[in-house]
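Structure record follows, encoded as structure tokens.
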Amino acid sequence: MDLRPHIRDVQDFPKPGILFRDITPLLAHPEAFRAAIGKMADHYRGQNIKAIAAAEARGFIFAAPLALELNAGFVPVRKPGKLPFETQSFHYELEYGTDTLEIHTDAFAPGDKVLLVDDLLATGGTMNACAKLVERSGAIVVGCAFVIELTFLKGREKLVPYDVFSLLAYDGE
């Protein structure tokens, strides 16, 4: 199934000059949503993935059903203060400032194979931070999966040496 017709282009969102790739039409179409999850699962099937991890919030939408499809657990990666148990943090640089992500200290065991998922790969900073959090716990990142990749932002370069898989790629407008 071609997923591209289920991605809506929204001009000047969230600010002038930005062309936003909106996933909500895909989510509203059960067949397209199911196809997206199936295609991601097929790419990683048979790799003995123990957990799917995703940063809030849109990554959760794809990671949870993918975890079920791959018979893996789901691990939320959250902003500080959002997780109820003991956490470990990773601070990272953004284009204009810094940010922090957290996971529970017991989210992964050493050697666990973990797939990272998000709706969009832009600059790669958030996904790289997620990968560092996973690796700090002794787990292994088997890949980074996305619905959409904005190739002109070169986020894939920040994710070397991980397997990067995207369902759709856009080279700009």
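How things are named: the first chain in the structure tokens is A, the next is B, and so on; residues count from 1 in each chain; ligands count from 1 in the order shown.
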Excluding Phe108 (chain A) and any residue of its chain fewer than 6 positions from it, enumerate the residues within 8 Å of it, using only C-alpha atoms, and give them as an MDAnalysis selection string.
chainID A and resid 51 134 137:139
Export, as a JSON list (two decimals), in the first residue's frame, the selected residues with C-alpha atoms.
```json
[["chain", "number", "residue", "atom", "x", "y", "z"],
["A", 51, "ALA", "CA", 11.79, -3.85, 23.54],
["A", 134, "VAL", "CA", 19.57, 2.68, 25.72],
["A", 137, "SER", "CA", 21.89, 0.67, 30.32],
["A", 138, "GLY", "CA", 23.92, -2.00, 28.51],
["A", 139, "ALA", "CA", 21.24, -2.76, 25.93]]
```
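Between CA of Arg58 (chain A) and CA of Lys39 (chain A) lies a distance of 17.8 Å.
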Extract, using only C-alpha atoms, all DNA, RNA and protein residues at most 12 Å from Ile148 (chain A), discarding same-chain residues fewer than 5 positions from it, and format them as a VMD selection string.
chain A and resid 3 to 4 6 to 8 20 to 23 26 36 40 58 to 59 62 117 to 122 155 to 156 164 to 172
Store the residues picked out above, limited to C-alpha atoms, as a compact mmCIF listing (two decimals), in the first residue's frame.
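Output file result.txt follows:
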```
# COMPACT_ATOMS: atom_id res chain seq x y z
CA LEU A 3 1.32 5.50 2.33
CA ARG A 4 2.19 8.85 0.72
CA HIS A 6 -2.14 9.51 3.69
CA ILE A 7 0.40 12.19 4.64
CA ARG A 8 -1.00 15.72 4.55
CA PHE A 20 4.75 20.20 7.99
CA ARG A 21 4.20 16.53 7.12
CA ASP A 22 1.03 15.59 9.02
CA ILE A 23 0.54 11.92 9.97
CA LEU A 26 -2.62 8.05 8.10
CA ALA A 36 2.72 1.25 8.21
CA MET A 40 8.13 -1.54 9.97
CA ARG A 58 4.04 10.85 18.41
CA GLY A 59 6.61 8.07 18.59
CA PHE A 62 3.73 3.84 16.28
CA VAL A 117 10.81 4.30 16.83
CA ASP A 118 9.52 7.77 15.97
CA ASP A 119 7.14 9.27 13.47
CA LEU A 120 9.71 11.60 11.91
CA LEU A 121 13.46 11.79 11.36
CA ALA A 122 14.52 15.41 11.01
CA GLY A 155 19.42 13.34 10.46
CA ARG A 156 20.56 9.91 9.30
CA VAL A 164 17.96 3.53 9.91
CA PHE A 165 14.69 2.53 8.26
CA SER A 166 12.09 4.98 6.97
CA LEU A 167 8.82 4.23 5.24
CA LEU A 168 8.72 7.55 3.39
CA ALA A 169 11.45 10.01 2.45
CA TYR A 170 11.02 13.64 1.49
CA ASP A 171 13.83 15.69 -0.09
CA GLY A 172 12.24 19.04 0.75
```
Quick one: of A:Lys82, A:Asn128, A:Val147, A:Ala28, who's nearest to Glu56 (chain A), counting only C-alpha atoms?
A:Lys82
In Å and to one decimal, CA of Phe85 (chain A) is distant from CA of Glu69 (chain A) by 26.7 Å
